[in-house]
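*Asks:* Below is the file input.pdb, which contains PDB, C-alpha atoms.
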```pdb
ATOM      1  CA  MET M   1      52.359  13.432   6.943
ATOM      2  CA  ILE M   2      49.311  14.640   4.998
ATOM      3  CA  GLU M   3      50.522  12.768   1.897
ATOM      4  CA  PHE M   4      50.678   9.561   3.947
ATOM      5  CA  LEU M   5      47.130  10.104   5.239
ATOM      6  CA  GLU M   6      45.882  10.721   1.700
ATOM      7  CA  SER M   7      47.449   7.424   0.552
ATOM      8  CA  ILE M   8      45.518   5.428   3.166
ATOM      9  CA  GLU M   9      42.346   7.522   3.046
ATOM     10  CA  GLU M  10      40.045   4.641   2.035
ATOM     11  CA  LEU M  11      41.372   2.433   4.824
ATOM     12  CA  LEU M  12      40.857   5.245   7.341
ATOM     13  CA  PHE M  13      37.289   5.732   6.063
ATOM     14  CA  LEU M  14      36.586   2.014   6.518
ATOM     15  CA  ILE M  15      38.085   1.966  10.024
ATOM     16  CA  ALA M  16      36.124   5.085  11.023
ATOM     17  CA  SER M  17      32.893   3.588   9.645
ATOM     18  CA  ILE M  18      33.397   0.333  11.559
ATOM     19  CA  GLY M  19      34.190   2.366  14.687
ATOM     20  CA  ALA M  20      30.985   4.376  14.216
ATOM     21  CA  VAL M  21      28.909   1.192  13.962
ATOM     22  CA  ILE M  22      30.517  -0.187  17.139
ATOM     23  CA  MET M  23      29.845   3.104  18.939
ATOM     24  CA  GLY M  24      26.233   2.984  17.724
ATOM     25  CA  ILE M  25      25.811  -0.486  19.212
ATOM     26  CA  VAL M  26      27.308   0.729  22.500
ATOM     27  CA  VAL M  27      24.873   3.685  22.510
ATOM     28  CA  ILE M  28      21.945   1.277  22.116
ATOM     29  CA  PHE M  29      23.013  -0.624  25.226
ATOM     30  CA  VAL M  30      23.737   2.553  27.205
ATOM     31  CA  ARG M  31      20.328   3.959  26.249
ATOM     32  CA  LYS M  32      18.662   0.695  27.263
ATOM     33  CA  HIS M  33      20.296   0.939  30.703
ATOM     34  CA  ALA M  34      19.552   4.671  31.035
ATOM     35  CA  SER M  35      15.844   4.090  30.463
ATOM     36  CA  LYS M  36      15.727   2.261  33.800
ATOM     37  CA  THR M  37      16.642   5.388  35.771
ATOM     38  CA  PRO M  38      14.797   8.736  35.950
ATOM     39  CA  LEU M  39      15.758  11.603  33.678
ATOM     40  CA  THR M  40      17.798  14.205  35.551
ATOM     41  CA  LEU M  41      19.265  17.544  34.637
ATOM     42  CA  LYS M  42      22.748  16.058  35.067
ATOM     43  CA  LYS M  43      21.986  13.245  32.593
ATOM     44  CA  ILE M  44      20.744  15.778  30.053
ATOM     45  CA  ILE M  45      23.614  18.244  30.288
ATOM     46  CA  ILE M  46      26.716  16.070  30.739
ATOM     47  CA  PRO M  47      26.877  14.475  27.233
ATOM     48  CA  PRO M  48      26.994  17.734  25.231
ATOM     49  CA  VAL M  49      29.310  19.374  27.773
ATOM     50  CA  MET M  50      31.771  16.465  27.629
ATOM     51  CA  MET M  51      31.466  16.296  23.866
ATOM     52  CA  SER M  52      32.246  20.020  23.553
ATOM     53  CA  THR M  53      35.908  19.336  24.334
ATOM     54  CA  GLY M  54      36.155  17.874  20.843
ATOM     55  CA  ALA M  55      35.834  21.402  19.472
ATOM     56  CA  LEU M  56      39.503  21.833  20.342
ATOM     57  CA  MET M  57      40.191  20.136  17.000
ATOM     58  CA  TYR M  58      39.390  23.447  15.314
ATOM     59  CA  ILE M  59      42.595  24.899  16.772
ATOM     60  CA  PHE M  60      44.374  23.049  13.967
ATOM     61  CA  PRO M  61      43.860  24.452  10.450
ATOM     62  CA  TYR M  62      43.510  20.897   9.070
ATOM     63  CA  PHE M  63      40.058  20.595  10.697
ATOM     64  CA  ARG M  64      38.710  24.102  10.104
ATOM     65  CA  LEU M  65      35.594  24.518   8.010
ATOM     66  CA  SER M  66      34.386  27.043   5.467
ATOM     67  CA  TRP M  67      31.148  28.906   6.177
ATOM     68  CA  ILE M  68      29.392  26.773   3.546
ATOM     69  CA  HIS M  69      30.492  23.553   5.275
ATOM     70  CA  ILE M  70      29.381  24.943   8.637
ATOM     71  CA  ALA M  71      25.942  25.868   7.258
ATOM     72  CA  GLU M  72      25.469  22.476   5.550
ATOM     73  CA  THR M  73      26.531  20.636   8.667
ATOM     74  CA  ILE M  74      24.237  22.598  10.990
ATOM     75  CA  VAL M  75      21.243  22.017   8.711
ATOM     76  CA  ILE M  76      21.900  18.265   8.472
ATOM     77  CA  GLY M  77      22.502  18.022  12.234
ATOM     78  CA  ALA M  78      19.232  19.871  12.896
ATOM     79  CA  ILE M  79      17.331  17.516  10.574
ATOM     80  CA  PHE M  80      18.832  14.467  12.298
ATOM     81  CA  SER M  81      17.948  15.935  15.711
ATOM     82  CA  VAL M  82      14.307  16.280  14.673
ATOM     83  CA  VAL M  83      14.235  12.527  14.066
ATOM     84  CA  LEU M  84      15.601  11.929  17.572
ATOM     85  CA  ILE M  85      13.189  14.419  19.142
ATOM     86  CA  ILE M  86      10.150  12.893  17.443
ATOM     87  CA  THR M  87      11.100   9.345  18.393
ATOM     88  CA  THR M  88      12.041  10.080  22.024
ATOM     89  CA  LYS M  89       9.078   9.181  24.188
ATOM     90  CA  TYR M  90       8.682   9.910  27.875
ATOM     91  CA  GLU M  91       6.738   8.276  30.668
ATOM     92  CA  VAL M  92       6.043   9.073  34.298
ATOM     93  CA  LYS M  93       6.717   6.432  36.956
ATOM     94  CA  ASN M  94       6.553   7.111  40.678
ATOM     95  CA  SER M  95       6.416  10.876  40.084
ATOM     96  CA  GLU M  96       9.648  10.733  38.041
ATOM     97  CA  LEU M  97      10.171  11.330  34.319
ATOM     98  CA  TYR M  98      11.773   8.513  32.328
ATOM     99  CA  VAL M  99      12.816   8.227  28.708
ATOM    100  CA  ARG M 100      10.803   5.284  27.483
ATOM    101  CA  GLN M 101      12.515   2.469  25.656
ATOM    102  CA  THR M 102      11.171   2.105  22.144
ATOM    103  CA  LYS M 103      11.750  -0.768  19.772
ATOM    104  CA  ALA M 104      12.283   1.737  16.985
ATOM    105  CA  PHE M 105      15.277   3.450  18.650
ATOM    106  CA  PRO M 106      17.940   0.920  17.550
ATOM    107  CA  VAL M 107      16.556   0.954  13.995
ATOM    108  CA  ILE M 108      16.464   4.755  13.899
ATOM    109  CA  LEU M 109      19.943   5.054  15.407
ATOM    110  CA  MET M 110      21.409   2.633  12.870
ATOM    111  CA  GLY M 111      19.516   4.436  10.082
ATOM    112  CA  LEU M 112      21.014   7.770  11.131
ATOM    113  CA  LEU M 113      24.406   6.108  11.380
ATOM    114  CA  LEU M 114      24.156   4.661   7.870
ATOM    115  CA  ALA M 115      23.013   8.053   6.575
ATOM    116  CA  ARG M 116      26.066   9.655   8.224
ATOM    117  CA  ILE M 117      28.371   7.072   6.647
ATOM    118  CA  ALA M 118      26.798   7.660   3.214
ATOM    119  CA  LEU M 119      27.093  11.433   3.631
ATOM    120  CA  LYS M 120      30.686  11.044   4.779
ATOM    121  CA  TYR M 121      31.472   9.072   1.632
ATOM    122  CA  ILE M 122      29.717  11.608  -0.621
ATOM    123  CA  PHE M 123      31.450  14.562   1.054
ATOM    124  CA  SER M 124      34.822  12.800   0.876
ATOM    125  CA  LEU M 125      34.760  13.017  -2.905
ATOM    126  CA  ASN M 126      35.680  16.722  -2.780
ATOM    127  CA  THR M 127      36.551  17.427   0.866
ATOM    128  CA  THR M 128      39.706  16.709   2.850
ATOM    129  CA  PRO M 129      39.614  14.097   5.638
ATOM    130  CA  GLY M 130      40.291  16.851   8.200
ATOM    131  CA  GLU M 131      37.326  18.887   7.001
ATOM    132  CA  ILE M 132      35.136  15.784   7.069
ATOM    133  CA  GLY M 133      36.220  15.113  10.656
ATOM    134  CA  GLY M 134      35.373  18.706  11.562
ATOM    135  CA  MET M 135      32.042  18.520   9.768
ATOM    136  CA  PHE M 136      30.935  15.294  11.387
ATOM    137  CA  PHE M 137      31.955  16.417  14.851
ATOM    138  CA  LEU M 138      29.859  19.554  14.328
ATOM    139  CA  LEU M 139      26.978  17.483  12.898
ATOM    140  CA  ALA M 140      26.957  15.189  15.941
ATOM    141  CA  PHE M 141      27.282  18.114  18.346
ATOM    142  CA  VAL M 142      24.395  20.019  16.737
ATOM    143  CA  MET M 143      22.243  16.870  16.593
ATOM    144  CA  ILE M 144      22.878  15.959  20.237
ATOM    145  CA  GLY M 145      22.735  19.577  21.417
ATOM    146  CA  ILE M 146      19.296  20.228  19.913
ATOM    147  CA  TRP M 147      17.993  16.844  21.084
ATOM    148  CA  ARG M 148      19.261  17.453  24.628
ATOM    149  CA  LEU M 149      17.780  20.966  24.589
ATOM    150  CA  SER M 150      14.386  19.422  23.797
ATOM    151  CA  MET M 151      14.901  16.960  26.674
ATOM    152  CA  PHE M 152      15.792  19.866  28.960
ATOM    153  CA  ILE M 153      12.591  21.690  27.997
ATOM    154  CA  LYS M 154      10.525  18.536  28.547
ATOM    155  CA  HIS M 155      12.224  17.971  31.930
ATOM    156  CA  ASN M 156      11.581  21.582  33.017
ATOM    157  CA  ASP M 157       7.926  21.409  31.924
ATOM    158  CA  PHE M 158       7.547  18.188  33.918
ATOM    159  CA  LYS M 159       9.136  19.751  37.018
ATOM    160  CA  LYS M 160       6.825  22.786  36.739
ATOM    161  CA  GLN M 161       3.802  20.460  36.527
ATOM    162  CA  GLN M 162       5.042  18.608  39.598
ATOM    163  CA  ALA M 163       5.407  21.866  41.512
ATOM    164  CA  VAL M 164       1.851  22.924  40.649
ATOM    165  CA  ALA M 165       0.313  19.550  41.489
TER     166      ALA M 165
END
```
Could you show the structure in this file as structure tokens?

*Replies:*
Amino acid sequence: MIEFLESIEELLFLIASIGAVIMGIVVIFVRKHASKTPLTLKKIIIPPVMMSTGALMYIFPYFRLSWIHIAETIVIGAIFSVVLIITTKYEVKNSELYVRQTKAFPVILMGLLLARIALKYIFSLNTTPGEIGGMFFLLAFVMIGIWRLSMFIKHNDFKKQQAVA
């Protein structure tokens, strides 16, 4: 089975890259819709919790990572999350906190996506497809986890201000 996957590795990379672009476009539309409703604790926590089920892939040795791959992936995910944190803007409407729509978000999201595709290609030169899958799941989880943690902190600070006022 692994030999078959190795023979069609380039095709799988292309399909995965196209899928990532489509998912990025979907995220842009979802984010646009989400900016019309107030930020809630549920909206902050559900994405990383649901995404965490993907960690079950590490049960299979094919997806397991070395400590070096884990460290590299966490650092890159943290760097990507900083971009998301810096570009996420908030606004208050009717005593509720909203994530403000920015024109830069689609550009930044596609930029991060293209960077991920480039990194995936570079890493694929000396890493197995299973390890790459494990690395990029961890990268996305770290990126989204840190970003959502910053949203949680912002949400809590806002709620504390509301309680004082």

*Asks:* With distances taken over only C-alpha atoms, which of M:Val27, M:Ile8, M:Met143, M:Ile108 is nearest to Val82 in chain M?

*Replies:* M:Met143

*Asks:* Quick one: everything within 8 Å of Gly24 in chain M, counting all atoms listed in the file, minus sequence neighbours fewer than 5 positions away in the same chain. Send it as JSON, numbers by chain.

*Replies:* {"M": [109, 110, 113]}

*Asks:* Can you turn the PyMOL selection byres ((chain M and resi 112) around 12) into a concrete residue list for this file, as a list in words?

*Replies:* Ala20, Val21, Gly24, Ile76, Gly77, Ile79, Phe80, Ser81, Val82, Val83, Leu84, Phe105, Pro106, Val107, Ile108, Leu109, Met110, Gly111, Leu113, Leu114, Ala115, Arg116, Ile117, Ala118, Leu119, Leu139, Ala140 and Met143 of chain M

*Asks:* Pull out every residue that the PyMOL selection byres ((chain M and resi 72) around 12) matches in the shown coordinates and put them as a list in words.

*Replies:* Leu65, Ser66, Trp67, Ile68, His69, Ile70, Ala71, Thr73, Ile74, Val75, Ile76, Gly77, Ala78, Ile79, Leu119, Phe123, Ile132, Met135, Phe136, Leu138, Leu139 and Val142 of chain M

*Asks:* May I have the residues within 10 Å of Ser150 in chain M as an MDAnalysis selection string, using all atoms listed in the file and disregarding those fewer than 4 positions away in the same chain?

*Replies:* chainID M and resid 44 81:82 84:85 88 144:146 154:156

*Asks:* Could you take the residues named above and write them with C-alpha atoms, as a CSV table (one decimal), keeping the file's coordinate frame?

*Replies:*
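Result file follows (selection00.csv):
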```csv
chain,number,residue,atom,x,y,z
M,44,ILE,CA,20.7,15.8,30.1
M,81,SER,CA,17.9,15.9,15.7
M,82,VAL,CA,14.3,16.3,14.7
M,84,LEU,CA,15.6,11.9,17.6
M,85,ILE,CA,13.2,14.4,19.1
M,88,THR,CA,12.0,10.1,22.0
M,144,ILE,CA,22.9,16.0,20.2
M,145,GLY,CA,22.7,19.6,21.4
M,146,ILE,CA,19.3,20.2,19.9
M,154,LYS,CA,10.5,18.5,28.5
M,155,HIS,CA,12.2,18.0,31.9
M,156,ASN,CA,11.6,21.6,33.0
```

*Asks:* May I ask for the distance between CA of Lys32 in chain M and CA of Lys160 in chain M, given in Å to one decimal place?

*Replies:*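 Going from CA of Lys32 in chain M over to CA of Lys160 in chain M covers 26.8 Å.
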
*Asks:* Could you tell me how far CA of Gly19 in chain M lies from CA of Thr37 in chain M, in Å and to one decimal?

*Replies:*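 Computing it gives 27.6 Å between the two atoms.
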
*Asks:* From the list M:Gly130, M:Leu125, M:Val92, M:Ile86, which residue is nearest Ala104 in chain M when using only C-alpha atoms?

*Replies:* M:Ile86

*Asks:* Could you tell me how far CA of Trp147 in chain M sits from CA of Ser35 in chain M, in Å to one decimal place?

*Replies:* 16.0 Å

*Asks:* May I have the protein, DNA and RNA residues with an atom at most 7 Å from (45.8, 18.0, 9.1), counting only C-alpha atoms in the file's coordinates, returned as a list in words?

*Replies:*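 All residues meeting the 7 Å criterion around (45.8, 18.0, 9.1) are Ile2, Pro61, Tyr62, Phe63 and Gly130 of chain M.
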
*Asks:* Using only C-alpha atoms, determine which residues lie at most 8 Å from Ala55 in chain M, disregarding the query and same-chain residues fewer than 3 positions distant; provide the list as an mmCIF file with C-alpha atoms, in the coordinates of the input.

*Replies:*
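See result-v3.cif below for the written result:
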```cif
data_model
loop_
_atom_site.group_PDB
_atom_site.id
_atom_site.type_symbol
_atom_site.label_atom_id
_atom_site.label_comp_id
_atom_site.auth_asym_id
_atom_site.auth_seq_id
_atom_site.Cartn_x
_atom_site.Cartn_y
_atom_site.Cartn_z
ATOM 1 C CA SER M 52 32.246 20.020 23.553
ATOM 2 C CA TYR M 58 39.390 23.447 15.314
ATOM 3 C CA PHE M 137 31.955 16.417 14.851
#
```

*Asks:* For range 112-123 of chain M, where the input has fewer atoms than it should, I would like all heavy atoms rebuilt and written as a compact mmCIF listing (two decimals), in the frame of the given file.

*Replies:*
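After the write, rebuild-v1.txt holds the following:
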```
# COMPACT_ATOMS: atom_id res chain seq x y z
N LEU M 112 20.27 6.51 11.10
CA LEU M 112 21.01 7.77 11.13
C LEU M 112 22.51 7.52 10.93
O LEU M 112 23.18 8.28 10.23
CB LEU M 112 20.78 8.49 12.46
CG LEU M 112 19.42 9.12 12.67
CD1 LEU M 112 19.28 9.64 14.10
CD2 LEU M 112 19.17 10.23 11.67
N LEU M 113 23.00 6.46 11.52
CA LEU M 113 24.41 6.11 11.38
C LEU M 113 24.75 5.78 9.93
O LEU M 113 25.76 6.27 9.40
CB LEU M 113 24.72 4.92 12.29
CG LEU M 113 26.17 4.55 12.46
CD1 LEU M 113 26.96 5.70 13.03
CD2 LEU M 113 26.28 3.35 13.38
N LEU M 114 23.92 4.99 9.28
CA LEU M 114 24.16 4.66 7.87
C LEU M 114 24.06 5.91 6.99
O LEU M 114 24.85 6.07 6.05
CB LEU M 114 23.18 3.58 7.41
CG LEU M 114 23.41 2.20 8.02
CD1 LEU M 114 22.30 1.24 7.59
CD2 LEU M 114 24.77 1.65 7.66
N ALA M 115 23.12 6.80 7.32
CA ALA M 115 23.01 8.05 6.58
C ALA M 115 24.28 8.89 6.75
O ALA M 115 24.78 9.47 5.78
CB ALA M 115 21.78 8.83 7.03
N ARG M 116 24.82 8.92 7.98
CA ARG M 116 26.07 9.65 8.22
C ARG M 116 27.22 9.05 7.43
O ARG M 116 28.04 9.78 6.86
CB ARG M 116 26.42 9.65 9.71
CG ARG M 116 25.61 10.62 10.53
CD ARG M 116 26.06 10.66 11.95
NE ARG M 116 27.42 11.17 12.02
CZ ARG M 116 28.19 11.10 13.08
NH1 ARG M 116 27.75 10.54 14.18
NH2 ARG M 116 29.40 11.59 13.08
N ILE M 117 27.29 7.73 7.40
CA ILE M 117 28.37 7.07 6.65
C ILE M 117 28.25 7.39 5.16
O ILE M 117 29.24 7.70 4.49
CB ILE M 117 28.39 5.55 6.92
CG1 ILE M 117 28.83 5.29 8.37
CG2 ILE M 117 29.30 4.83 5.94
CD1 ILE M 117 28.66 3.85 8.83
N ALA M 118 27.02 7.33 4.64
CA ALA M 118 26.80 7.66 3.21
C ALA M 118 27.17 9.11 2.94
O ALA M 118 27.85 9.41 1.94
CB ALA M 118 25.35 7.39 2.83
N LEU M 119 26.75 10.02 3.81
CA LEU M 119 27.09 11.43 3.63
C LEU M 119 28.60 11.64 3.71
O LEU M 119 29.17 12.41 2.95
CB LEU M 119 26.40 12.29 4.69
CG LEU M 119 24.91 12.53 4.49
CD1 LEU M 119 24.30 13.18 5.73
CD2 LEU M 119 24.65 13.37 3.26
N LYS M 120 29.23 10.92 4.63
CA LYS M 120 30.69 11.04 4.78
C LYS M 120 31.37 10.61 3.48
O LYS M 120 32.31 11.25 3.02
CB LYS M 120 31.17 10.19 5.96
CG LYS M 120 32.59 10.49 6.38
CD LYS M 120 33.01 9.66 7.56
CE LYS M 120 32.44 10.22 8.84
NZ LYS M 120 33.00 9.59 10.04
N TYR M 121 30.89 9.54 2.89
CA TYR M 121 31.47 9.07 1.63
C TYR M 121 31.25 10.10 0.53
O TYR M 121 32.17 10.44 -0.22
CB TYR M 121 30.89 7.72 1.23
CG TYR M 121 31.46 7.24 -0.09
CD1 TYR M 121 32.75 6.74 -0.16
CD2 TYR M 121 30.72 7.35 -1.26
CE1 TYR M 121 33.30 6.34 -1.37
CE2 TYR M 121 31.25 6.94 -2.47
CZ TYR M 121 32.54 6.44 -2.53
OH TYR M 121 33.07 6.05 -3.73
N ILE M 122 30.04 10.62 0.42
CA ILE M 122 29.72 11.61 -0.62
C ILE M 122 30.57 12.86 -0.44
O ILE M 122 31.15 13.37 -1.40
CB ILE M 122 28.21 11.95 -0.60
CG1 ILE M 122 27.41 10.74 -1.08
CG2 ILE M 122 27.91 13.17 -1.46
CD1 ILE M 122 25.91 10.84 -0.79
N PHE M 123 30.65 13.36 0.80
CA PHE M 123 31.45 14.56 1.05
C PHE M 123 32.93 14.32 0.82
O PHE M 123 33.67 15.23 0.47
CB PHE M 123 31.24 15.09 2.47
CG PHE M 123 29.90 15.73 2.71
CD1 PHE M 123 29.32 15.69 3.96
CD2 PHE M 123 29.20 16.37 1.69
CE1 PHE M 123 28.09 16.28 4.19
CE2 PHE M 123 27.98 16.95 1.91
CZ PHE M 123 27.42 16.92 3.16
```
